[in-house]
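Structure file run38.cif; described as mmCIF, C-alpha atoms.
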```cif
data_protein
#
loop_
_atom_site.label_atom_id
_atom_site.label_comp_id
_atom_site.auth_asym_id
_atom_site.auth_seq_id
_atom_site.Cartn_x
_atom_site.Cartn_y
_atom_site.Cartn_z
CA MET A 1 -26.24 10.35 -3.73
CA GLY A 2 -22.65 10.72 -4.91
CA ASN A 3 -22.18 7.42 -6.69
CA SER A 4 -21.06 8.92 -10.02
CA PHE A 5 -17.75 10.50 -10.97
CA GLY A 6 -16.49 12.34 -14.06
CA GLN A 7 -18.03 14.44 -16.82
CA LEU A 8 -17.30 13.05 -20.30
CA PHE A 9 -15.80 9.78 -19.06
CA ARG A 10 -18.34 9.11 -16.32
CA ILE A 11 -18.65 6.16 -14.00
CA THR A 12 -21.34 5.03 -11.57
CA THR A 13 -20.46 2.32 -9.05
CA TRP A 14 -23.00 0.15 -7.24
CA GLY A 15 -23.24 -2.73 -4.75
CA GLU A 16 -22.55 -3.50 -1.11
CA SER A 17 -19.77 -5.40 0.63
CA HIS A 18 -21.85 -8.46 1.54
CA GLY A 19 -24.55 -8.24 -1.13
CA GLY A 20 -24.76 -10.18 -4.39
CA GLY A 21 -21.98 -8.30 -6.11
CA ILE A 22 -20.19 -5.06 -6.92
CA GLY A 23 -20.12 -3.30 -10.26
CA VAL A 24 -19.71 -0.19 -12.36
CA VAL A 25 -21.31 1.41 -15.39
CA ILE A 26 -18.96 3.46 -17.59
CA ASP A 27 -20.51 6.04 -19.90
CA GLY A 28 -18.56 8.09 -22.43
CA CYS A 29 -15.83 5.61 -23.28
CA PRO A 30 -14.74 6.22 -26.89
CA PRO A 31 -15.51 3.48 -29.42
CA ARG A 32 -13.01 1.07 -31.00
CA ILE A 33 -10.78 0.81 -27.92
CA GLU A 34 -9.42 -2.73 -27.62
CA LEU A 35 -10.71 -4.16 -24.33
CA SER A 36 -11.10 -7.60 -22.79
CA GLU A 37 -12.00 -9.00 -19.40
CA ALA A 38 -8.31 -9.93 -19.02
CA ASP A 39 -7.35 -6.23 -19.22
CA ILE A 40 -9.66 -5.52 -16.29
CA GLN A 41 -8.73 -8.66 -14.37
CA ARG A 42 -5.06 -7.71 -14.22
CA GLU A 43 -5.90 -4.66 -12.13
CA LEU A 44 -8.54 -6.42 -10.00
CA ASP A 45 -6.02 -9.13 -9.12
CA ARG A 46 -3.77 -6.44 -7.64
CA ARG A 47 -6.65 -5.10 -5.53
CA ARG A 48 -8.31 -8.33 -4.44
CA PRO A 49 -8.17 -9.68 -0.86
CA GLY A 50 -6.15 -12.73 0.12
CA GLN A 51 -3.20 -12.00 -2.17
CA SER A 52 -0.61 -12.07 0.62
CA SER A 53 -0.22 -12.70 4.35
CA ILE A 54 -0.35 -8.98 5.21
CA VAL A 55 -3.84 -8.27 3.83
CA THR A 56 -7.35 -9.47 4.64
CA GLN A 57 -7.83 -13.20 4.06
CA ARG A 58 -11.34 -12.89 2.64
CA ASP A 59 -11.32 -15.43 -0.22
CA GLU A 60 -12.57 -13.60 -3.31
CA ALA A 61 -11.46 -14.27 -6.89
CA ASP A 62 -13.06 -10.95 -7.97
CA ARG A 63 -13.70 -12.19 -11.51
CA ALA A 64 -14.81 -9.42 -13.86
CA GLU A 65 -17.75 -9.96 -16.20
CA ILE A 66 -18.33 -7.45 -19.01
CA LEU A 67 -22.09 -7.32 -19.52
CA SER A 68 -22.36 -4.63 -22.20
CA GLY A 69 -20.55 -2.06 -24.29
CA VAL A 70 -17.89 -4.36 -25.81
CA PHE A 71 -18.22 -6.36 -29.03
CA GLU A 72 -15.58 -8.49 -30.71
CA GLY A 73 -12.93 -7.18 -28.35
CA ARG A 74 -13.56 -3.48 -28.91
CA THR A 75 -15.64 -0.85 -27.14
CA LEU A 76 -18.83 0.25 -28.87
CA GLY A 77 -19.08 3.76 -27.47
CA THR A 78 -22.16 2.66 -25.52
CA PRO A 79 -22.31 2.17 -21.72
CA ILE A 80 -19.96 -0.52 -20.43
CA ALA A 81 -21.36 -2.53 -17.51
CA ILE A 82 -18.94 -4.62 -15.43
CA LEU A 83 -19.99 -7.03 -12.66
CA VAL A 84 -17.96 -8.78 -9.96
CA ARG A 85 -19.96 -11.27 -7.90
CA ASN A 86 -19.36 -11.63 -4.16
CA GLN A 87 -18.45 -15.24 -3.37
CA ASP A 88 -17.12 -15.22 0.19
CA ALA A 89 -19.60 -12.83 1.80
CA ASP A 90 -20.28 -13.48 5.49
CA PRO A 91 -23.03 -11.07 6.59
CA ASP A 92 -23.83 -13.06 9.75
CA ALA A 93 -20.42 -12.13 11.14
CA TYR A 94 -21.74 -8.58 11.60
CA LYS A 95 -24.99 -9.36 13.45
CA LYS A 96 -23.41 -8.64 16.81
CA VAL A 97 -22.54 -5.08 15.71
CA ALA A 98 -25.84 -4.36 13.93
CA ASN A 99 -26.88 -1.96 16.68
CA ILE A 100 -23.43 -0.61 17.55
CA TYR A 101 -21.54 2.38 16.15
CA ARG A 102 -18.03 1.12 15.38
CA PRO A 103 -15.27 3.66 16.22
CA SER A 104 -14.17 5.77 13.21
CA HIS A 105 -16.57 3.96 10.85
CA ALA A 106 -19.44 5.40 8.82
CA ASP A 107 -22.11 3.57 10.83
CA TYR A 108 -23.37 6.61 12.72
CA THR A 109 -23.04 9.11 9.85
CA TYR A 110 -24.88 6.91 7.32
CA GLU A 111 -27.69 6.42 9.83
CA ALA A 112 -27.76 10.14 10.58
CA LYS A 113 -28.10 10.89 6.87
CA TYR A 114 -30.53 8.19 5.70
CA GLY A 115 -32.20 6.88 8.85
CA ILE A 116 -31.16 3.38 7.77
CA ARG A 117 -27.87 1.63 7.07
CA ASN A 118 -26.50 -1.69 5.88
CA TRP A 119 -24.61 -3.03 8.90
CA GLN A 120 -23.22 -6.01 6.95
CA GLY A 121 -19.61 -4.99 6.55
CA GLY A 122 -20.47 -1.32 6.17
CA GLY A 123 -22.41 -1.65 2.92
CA ARG A 124 -21.41 1.08 0.48
CA ALA A 125 -18.89 2.48 2.97
CA SER A 126 -16.80 -0.69 2.67
CA ALA A 127 -13.58 -0.57 0.66
CA ARG A 128 -15.05 -3.41 -1.40
CA GLU A 129 -16.91 -0.69 -3.30
CA THR A 130 -13.58 0.21 -4.90
CA ILE A 131 -13.81 -2.87 -7.14
CA GLY A 132 -15.94 -0.79 -9.52
CA ARG A 133 -13.40 2.03 -9.48
CA VAL A 134 -10.47 -0.26 -10.23
CA ALA A 135 -12.37 -1.96 -13.06
CA ALA A 136 -13.27 1.41 -14.58
CA GLY A 137 -9.72 2.65 -14.05
CA ALA A 138 -8.43 -0.28 -16.11
CA VAL A 139 -10.67 0.85 -18.98
CA ALA A 140 -9.51 4.45 -18.55
CA GLN A 141 -5.89 3.33 -18.79
CA MET A 142 -6.62 1.58 -22.09
CA VAL A 143 -8.08 4.84 -23.44
CA LEU A 144 -5.13 6.87 -22.17
CA ARG A 145 -2.62 4.55 -23.84
CA LYS A 146 -4.49 5.11 -27.09
CA LEU A 147 -4.40 8.90 -26.64
CA PHE A 148 -0.85 9.12 -25.27
CA PRO A 149 1.58 6.50 -26.66
CA ASN A 150 4.07 7.15 -23.84
CA PHE A 151 1.49 7.13 -21.05
CA ASP A 152 2.57 5.38 -17.87
CA ILE A 153 1.22 5.40 -14.33
CA VAL A 154 2.73 3.80 -11.25
CA ALA A 155 1.89 4.17 -7.57
CA TYR A 156 3.86 2.76 -4.65
CA VAL A 157 4.03 2.81 -0.87
CA THR A 158 6.54 5.33 0.48
CA GLN A 159 5.71 5.17 4.18
CA VAL A 160 4.10 2.76 6.65
CA HIS A 161 3.65 4.26 10.10
CA GLU A 162 7.08 5.78 10.87
CA ILE A 163 9.03 3.73 8.32
CA ARG A 164 9.96 5.85 5.28
CA ALA A 165 11.32 4.54 2.01
CA VAL A 166 13.87 6.25 -0.25
CA ILE A 167 12.49 6.19 -3.81
CA ALA A 168 13.35 8.16 -6.95
CA SER A 169 9.99 8.73 -8.67
CA ARG A 170 11.60 9.33 -12.05
CA GLY A 171 12.90 5.78 -12.45
CA VAL A 172 10.44 3.58 -10.55
CA SER A 173 8.50 1.01 -12.59
CA ARG A 174 5.48 -1.25 -12.01
CA SER A 175 7.77 -4.29 -11.86
CA ASP A 176 9.83 -2.60 -9.12
CA VAL A 177 6.67 -2.06 -7.10
CA GLU A 178 5.27 -5.56 -7.52
CA ARG A 179 8.41 -7.25 -6.19
CA SER A 180 7.18 -6.94 -2.60
CA ALA A 181 3.83 -7.73 -0.99
CA VAL A 182 3.75 -4.27 0.58
CA ARG A 183 4.29 -2.67 -2.87
CA CYS A 184 7.28 -0.58 -1.88
CA PRO A 185 10.17 -0.50 -4.41
CA ASP A 186 12.74 0.20 -1.67
CA ASN A 187 13.63 -3.41 -0.81
CA ALA A 188 15.18 -2.66 2.58
CA ALA A 189 12.23 -0.52 3.69
CA ALA A 190 9.73 -3.01 2.26
CA LYS A 191 11.12 -5.78 4.47
CA ILE A 192 10.78 -3.67 7.62
CA MET A 193 7.29 -2.49 6.58
CA THR A 194 6.15 -6.08 6.09
CA GLN A 195 7.47 -7.08 9.48
CA LEU A 196 5.67 -4.16 11.10
CA ILE A 197 2.33 -4.99 9.44
CA GLU A 198 2.64 -8.62 10.51
CA ARG A 199 3.35 -7.44 14.06
CA MET A 200 0.28 -5.19 13.97
CA ARG A 201 -1.87 -8.18 13.05
CA GLY A 202 -0.47 -10.04 16.04
CA ASP A 203 -1.05 -7.01 18.28
CA ARG A 204 -4.69 -6.76 17.06
CA ASP A 205 -3.95 -3.25 15.79
CA SER A 206 -3.38 -1.39 12.52
CA VAL A 207 -1.19 1.25 10.87
CA GLY A 208 -1.49 3.80 8.07
CA GLY A 209 0.98 5.50 5.76
CA THR A 210 1.55 7.23 2.44
CA ILE A 211 1.33 6.27 -1.24
CA GLU A 212 3.02 8.27 -4.00
CA CYS A 213 1.91 8.19 -7.62
CA VAL A 214 3.75 9.34 -10.75
CA ILE A 215 2.09 9.80 -14.15
CA ARG A 216 4.32 10.07 -17.20
CA GLY A 217 3.75 10.79 -20.87
CA VAL A 218 0.86 13.25 -20.58
CA GLY A 219 1.47 16.40 -22.61
CA ALA A 220 0.88 20.02 -21.63
CA GLY A 221 -2.63 21.43 -21.65
CA ILE A 222 -4.69 18.84 -19.72
CA GLY A 223 -6.90 20.33 -17.01
CA GLU A 224 -9.32 23.22 -16.62
CA PRO A 225 -8.91 26.63 -15.01
CA VAL A 226 -10.45 27.79 -11.72
CA PHE A 227 -12.85 25.14 -10.33
CA ASP A 228 -11.84 22.06 -12.35
CA LYS A 229 -8.10 22.33 -11.93
CA LEU A 230 -6.32 19.06 -12.59
CA GLU A 231 -4.88 18.88 -9.09
CA ALA A 232 -8.27 19.77 -7.57
CA ASP A 233 -9.95 16.88 -9.37
CA LEU A 234 -7.09 14.56 -8.44
CA ALA A 235 -7.49 15.61 -4.81
CA LYS A 236 -11.23 14.94 -4.91
CA ALA A 237 -10.64 11.56 -6.53
CA MET A 238 -8.07 10.50 -3.97
CA LEU A 239 -9.95 11.78 -0.93
CA SER A 240 -13.06 9.93 -2.11
CA LEU A 241 -11.23 6.64 -1.46
CA PRO A 242 -11.83 4.93 1.89
CA ALA A 243 -9.36 5.68 4.70
CA THR A 244 -7.70 8.65 2.96
CA LYS A 245 -6.81 11.66 5.09
CA GLY A 246 -4.49 13.85 3.04
CA PHE A 247 -3.40 14.85 -0.47
CA GLU A 248 -0.44 16.83 -1.73
CA ILE A 249 1.03 17.38 -5.18
CA GLY A 250 4.60 18.19 -6.12
CA SER A 251 6.40 19.77 -3.18
CA GLY A 252 3.12 19.78 -1.24
CA PHE A 253 3.35 21.03 2.33
CA ALA A 254 7.14 21.18 2.10
CA ALA A 255 6.65 24.28 -0.06
CA THR A 256 5.51 26.20 3.02
CA GLY A 257 9.08 26.13 4.29
CA MET A 258 10.72 27.23 1.03
CA ARG A 259 11.44 30.58 -0.60
CA GLY A 260 10.06 31.49 -4.01
CA SER A 261 13.57 31.57 -5.42
CA GLU A 262 14.00 27.96 -4.28
CA HIS A 263 10.58 26.69 -5.28
CA ASN A 264 9.99 28.24 -8.71
CA ASP A 265 10.30 25.80 -11.62
CA GLN A 266 12.40 27.65 -14.18
CA PHE A 267 11.69 27.06 -17.88
CA GLU A 268 14.12 25.88 -20.51
CA THR A 269 14.04 24.33 -23.99
CA ARG A 270 15.02 20.67 -24.04
CA ASP A 271 14.77 18.40 -27.08
CA GLY A 272 12.76 21.09 -28.83
CA ARG A 273 10.13 21.21 -26.07
CA VAL A 274 9.29 23.59 -23.25
CA ARG A 275 10.48 21.93 -20.03
CA THR A 276 11.19 22.91 -16.45
CA THR A 277 14.52 22.45 -14.69
CA THR A 278 12.79 21.25 -11.48
CA ASN A 279 9.35 19.85 -10.77
CA PHE A 280 8.18 21.33 -7.48
CA SER A 281 4.84 21.98 -9.22
CA GLY A 282 4.28 18.26 -9.60
CA GLY A 283 3.56 18.58 -13.31
CA VAL A 284 0.62 20.97 -12.90
CA GLN A 285 0.62 24.79 -13.07
CA GLY A 286 -2.51 26.91 -13.01
CA GLY A 287 -4.54 23.72 -12.82
CA ILE A 288 -3.22 22.53 -16.21
CA SER A 289 -0.55 19.92 -16.96
CA ASN A 290 2.79 21.34 -18.13
CA GLY A 291 4.21 18.16 -19.67
CA GLU A 292 6.40 17.14 -16.73
CA ASP A 293 5.71 14.06 -14.63
CA ILE A 294 2.59 14.46 -12.49
CA VAL A 295 3.61 13.48 -8.96
CA PHE A 296 1.33 13.43 -5.92
CA ARG A 297 0.97 11.68 -2.56
CA VAL A 298 -2.00 10.39 -0.57
CA GLY A 299 -2.09 9.81 3.19
CA PHE A 300 -4.05 6.88 4.66
CA LYS A 301 -5.20 6.47 8.25
CA PRO A 302 -4.78 3.22 10.19
CA THR A 303 -7.53 0.70 9.39
CA SER A 304 -10.53 1.47 11.60
CA THR A 305 -11.63 -2.17 12.01
CA ILE A 306 -9.36 -3.77 14.62
CA PRO A 307 -9.83 -6.81 16.88
CA ARG A 308 -8.74 -4.83 19.95
CA GLU A 309 -11.52 -3.97 22.40
CA GLN A 310 -12.67 -0.33 22.26
CA GLN A 311 -15.27 1.85 23.93
CA THR A 312 -18.32 2.98 21.92
CA ILE A 313 -22.12 3.29 22.16
CA THR A 314 -25.21 1.58 20.75
CA ALA A 315 -27.85 3.18 18.54
CA GLU A 316 -29.82 3.75 21.78
CA HIS A 317 -26.83 5.72 23.13
CA GLU A 318 -25.94 3.05 25.68
CA PRO A 319 -22.23 2.62 26.39
CA THR A 320 -20.70 -0.68 25.31
CA ARG A 321 -17.42 -2.20 24.24
CA ILE A 322 -16.53 -3.79 20.90
CA ALA A 323 -13.74 -5.88 19.41
CA ALA A 324 -14.09 -6.40 15.68
CA GLY A 325 -14.33 -9.89 14.23
CA GLY A 326 -14.13 -10.85 10.58
CA ARG A 327 -11.27 -10.52 8.10
CA HIS A 328 -9.62 -7.14 7.76
CA ASP A 329 -6.42 -5.47 6.59
CA PRO A 330 -3.99 -4.45 9.35
CA CYS A 331 -2.75 -1.89 6.78
CA VAL A 332 -4.72 -0.80 3.72
CA LEU A 333 -1.78 0.54 1.73
CA PRO A 334 -0.68 -2.54 -0.30
CA ARG A 335 -4.18 -2.99 -1.76
CA ALA A 336 -4.72 0.76 -2.12
CA VAL A 337 -1.94 1.13 -4.71
CA PRO A 338 -4.11 0.00 -7.68
CA MET A 339 -6.98 2.10 -6.30
CA ILE A 340 -4.82 5.23 -6.47
CA GLU A 341 -3.76 4.40 -10.03
CA ALA A 342 -7.37 3.76 -11.04
CA MET A 343 -8.71 7.05 -9.69
CA ALA A 344 -5.83 8.98 -11.25
CA ALA A 345 -6.52 7.32 -14.61
CA LEU A 346 -10.22 8.22 -14.37
CA VAL A 347 -9.36 11.88 -13.77
CA LEU A 348 -6.77 12.00 -16.56
CA CYS A 349 -9.03 10.21 -19.05
CA ASP A 350 -11.96 12.52 -18.34
CA HIS A 351 -9.79 15.65 -18.65
CA ALA A 352 -8.06 14.37 -21.79
CA LEU A 353 -11.43 13.84 -23.50
CA ARG A 354 -12.64 17.26 -22.34
CA HIS A 355 -9.48 18.86 -23.69
CA ARG A 356 -9.80 17.20 -27.09
CA ALA A 357 -13.44 18.22 -27.30
CA ILE A 358 -12.44 21.91 -27.33
CA ASN A 359 -8.99 21.55 -28.89
CA PRO A 360 -9.00 18.51 -31.21
CA ASP A 361 -5.71 19.47 -32.88
CA SER A 362 -3.77 19.59 -29.63
CA GLU A 363 -0.77 17.28 -29.18
CA ALA A 364 -1.66 16.81 -25.49
#
```
Please render this file's structure as structure tokens.
Amino acid sequence: MGNSFGQLFRITTWGESHGGGIGVVIDGCPPRIELSEADIQRELDRRRPGQSSIVTQRDEADRAEILSGVFEGRTLGTPIAILVRNQDADPDAYKKVANIYRPSHADYTYEAKYGIRNWQGGGRASARETIGRVAAGAVAQMVLRKLFPNFDIVAYVTQVHEIRAVIASRGVSRSDVERSAVRCPDNAAAKIMTQLIERMRGDRDSVGGTIECVIRGVGAGIGEPVFDKLEADLAKAMLSLPATKGFEIGSGFAATGMRGSEHNDQFETRDGRVRTTTNFSGGVQGGISNGEDIVFRVGFKPTSTIPREQQTITAEHEPTRIAAGGRHDPCVLPRAVPMIEAMAALVLCDHALRHRAINPDSEA
């Protein structure tokens, strides 16, 4: 079962939405990296439910406990185990849908694969599984800051439904993003997005949108040719997140409407380094980083769990109708921002360690 991710920096997540807890085991983290529970908690606080009026009101503190792999504030090089206990689980709320396939959920497909499923909040298919990813991503970011002094990563919402923000990726900062509950640094667009999400909650409906991520300070040479291209692994990482439906890097699908003479990133020497005059490649060429900002976008569908009544069937193939209860996000994007950053950090950390294993003298 695909619960592990990465090669040298490898994680395995575990736990179900309404079980005892969620966690992750990280193997391959270098030793002597300064790490505390507070470093992990900062990222989990950005992902946790109940942080604003436009997300699910499930009341979880999501407190991280480091069980192994860290001693006197530094990593040991041994497996790091991190646990977050579920405190506000409500499995009984799902009894009425135990025998029903919820529209656009993984209920039917998990049962088709295993012949059994956890119907309490979707089990492993729940977005609560991403706690382990975000915790591991916080560790990966600590490693990356050690490897790359100028490393920086920031993701932000650029679109909710049909509302599009105007954002310059080059200058946006984490503080810009965190100013609004919707995590959009365009203040005017953020206000309208928030109003729309609140209206969707009132309408018992949901909306999707797009998140952009920019990674700065990573040198040229990170990534592998052919099958393990940097953008290919980023795409896999992003599309492994719940509710994702699309990935594009750099110019993405807009490149299909451009000419080569318009799209090619021409090289120049700037400050003694090889640079490109434009960045339609999104910082990756031939599957390997070229030293420019790595810029990509991820598309999210509307949340599948909605309180509006819908047609479906039971496990016995009998037609029925369902309206979801419980506590759910009318839009997943605000809480997905730290998930995107975490998965990107996991990919970059793994590739950086792989690169240094074969080229230890590289400046990348």
Between A:Glu309, A:Asp233, A:Glu318, A:Glu34, which has the minimum distance to Ala344 of chain A (counting only C-alpha atoms)?
->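 Nearest to Ala344 of chain A: A:Asp233.
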Report, as JSON, the axis-aligned box around all atoms of segment 208-223 of chain A present in the file, extended by 8 Å on each side; give centre and edge lengths in Å to one decimal place.
```
{"center_x": -1.3, "center_y": 12.6, "center_z": -7.3, "size_x": 27.2, "size_y": 33.6, "size_z": 46.7}
```
Atom CA of Met343 of chain A to atom CA of Leu147 of chain A, straight-line distance in Å | 17.6 Å
Check which residues satisfy the PyMOL selection byres ((chain A and resi 245-260) around 12) in the file shown, then give them as a compact mmCIF listing (two decimals) with C-alpha atoms, keeping the file's coordinate frame.
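To be explicit, this is the file written out as out15.txt:
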```
# COMPACT_ATOMS: atom_id res chain seq x y z
CA SER A 169 9.99 8.73 -8.67
CA GLY A 208 -1.49 3.80 8.07
CA GLY A 209 0.98 5.50 5.76
CA THR A 210 1.55 7.23 2.44
CA ILE A 211 1.33 6.27 -1.24
CA GLU A 212 3.02 8.27 -4.00
CA CYS A 213 1.91 8.19 -7.62
CA VAL A 214 3.75 9.34 -10.75
CA ILE A 215 2.09 9.80 -14.15
CA LEU A 230 -6.32 19.06 -12.59
CA GLU A 231 -4.88 18.88 -9.09
CA ALA A 232 -8.27 19.77 -7.57
CA ASP A 233 -9.95 16.88 -9.37
CA LEU A 234 -7.09 14.56 -8.44
CA ALA A 235 -7.49 15.61 -4.81
CA LYS A 236 -11.23 14.94 -4.91
CA ALA A 237 -10.64 11.56 -6.53
CA MET A 238 -8.07 10.50 -3.97
CA LEU A 239 -9.95 11.78 -0.93
CA SER A 240 -13.06 9.93 -2.11
CA LEU A 241 -11.23 6.64 -1.46
CA PRO A 242 -11.83 4.93 1.89
CA ALA A 243 -9.36 5.68 4.70
CA THR A 244 -7.70 8.65 2.96
CA SER A 261 13.57 31.57 -5.42
CA GLU A 262 14.00 27.96 -4.28
CA HIS A 263 10.58 26.69 -5.28
CA ASN A 264 9.99 28.24 -8.71
CA ASP A 265 10.30 25.80 -11.62
CA GLN A 266 12.40 27.65 -14.18
CA THR A 278 12.79 21.25 -11.48
CA ASN A 279 9.35 19.85 -10.77
CA PHE A 280 8.18 21.33 -7.48
CA SER A 281 4.84 21.98 -9.22
CA GLY A 282 4.28 18.26 -9.60
CA GLY A 283 3.56 18.58 -13.31
CA VAL A 284 0.62 20.97 -12.90
CA GLN A 285 0.62 24.79 -13.07
CA GLY A 287 -4.54 23.72 -12.82
CA GLU A 292 6.40 17.14 -16.73
CA ASP A 293 5.71 14.06 -14.63
CA ILE A 294 2.59 14.46 -12.49
CA VAL A 295 3.61 13.48 -8.96
CA PHE A 296 1.33 13.43 -5.92
CA ARG A 297 0.97 11.68 -2.56
CA VAL A 298 -2.00 10.39 -0.57
CA GLY A 299 -2.09 9.81 3.19
CA PHE A 300 -4.05 6.88 4.66
CA LYS A 301 -5.20 6.47 8.25
CA PRO A 302 -4.78 3.22 10.19
CA THR A 303 -7.53 0.70 9.39
CA ILE A 340 -4.82 5.23 -6.47
```
Separation of atom CA of Arg183 of chain A from atom CA of Pro338 of chain A, in Å and rounded to one decimal |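 Distance reported for this atom pair: 10.0 Å.
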Separation of atom CA of Arg164 of chain A from atom CA of Cys331 of chain A, in Å and rounded to one decimal =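 Taking atom CA of Arg164 of chain A and atom CA of Cys331 of chain A, their separation equals 15.0 Å.
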Near segment 356-359 of chain A, counting all atoms listed in the file, which residues have an atom at most 10 Å away, once you skip same-chain residues fewer than 2 positions from it, shown as a list in words?
->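 In the requested format, the answer is Leu8, Leu147, Gly221, Ile222, His351, Ala352, Leu353, Arg354, Asp361, Ser362, Glu363 and Ala364 of chain A.
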Expanded to explicit residues, what is the PyMOL selection byres ((chain A and resi 9) around 7) for this file, as JSON, numbers by chain?
-> {"A": [6, 7, 8, 10, 11, 27, 28, 29, 349, 350]}
Expand the PyMOL selection byres ((chain A and resi 119-128) around 9) into the explicit residue set it covers here, and present it as a CSV table (one decimal) with C-alpha atoms, in the frame of the given file.
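Saved result, expr03.csv, follows:
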```csv
chain,number,residue,atom,x,y,z
A,14,TRP,CA,-23.0,0.2,-7.2
A,15,GLY,CA,-23.2,-2.7,-4.8
A,16,GLU,CA,-22.6,-3.5,-1.1
A,17,SER,CA,-19.8,-5.4,0.6
A,18,HIS,CA,-21.8,-8.5,1.5
A,19,GLY,CA,-24.6,-8.2,-1.1
A,22,ILE,CA,-20.2,-5.1,-6.9
A,48,ARG,CA,-8.3,-8.3,-4.4
A,90,ASP,CA,-20.3,-13.5,5.5
A,91,PRO,CA,-23.0,-11.1,6.6
A,92,ASP,CA,-23.8,-13.1,9.8
A,93,ALA,CA,-20.4,-12.1,11.1
A,94,TYR,CA,-21.7,-8.6,11.6
A,95,LYS,CA,-25.0,-9.4,13.4
A,97,VAL,CA,-22.5,-5.1,15.7
A,98,ALA,CA,-25.8,-4.4,13.9
A,99,ASN,CA,-26.9,-2.0,16.7
A,105,HIS,CA,-16.6,4.0,10.8
A,106,ALA,CA,-19.4,5.4,8.8
A,107,ASP,CA,-22.1,3.6,10.8
A,110,TYR,CA,-24.9,6.9,7.3
A,117,ARG,CA,-27.9,1.6,7.1
A,118,ASN,CA,-26.5,-1.7,5.9
A,129,GLU,CA,-16.9,-0.7,-3.3
A,130,THR,CA,-13.6,0.2,-4.9
A,131,ILE,CA,-13.8,-2.9,-7.1
A,132,GLY,CA,-15.9,-0.8,-9.5
A,241,LEU,CA,-11.2,6.6,-1.5
A,242,PRO,CA,-11.8,4.9,1.9
A,243,ALA,CA,-9.4,5.7,4.7
A,326,GLY,CA,-14.1,-10.8,10.6
```
So which one's closest to Arg174 of chain A, A:Val218, A:Val337, A:Val84, A:Leu76? Using all atoms listed in the file, please.
->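 The closest residue to Arg174 of chain A is A:Val337.
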Using all atoms listed in the file, collect all residues at a distance of at most 12 Å from (-21.0, -5.9, -17.9) as written in the file, then present them as a VMD selection string.
-> chain A and resid 22 to 26 36 to 37 40 63 to 71 75 78 to 85 132 135 to 136
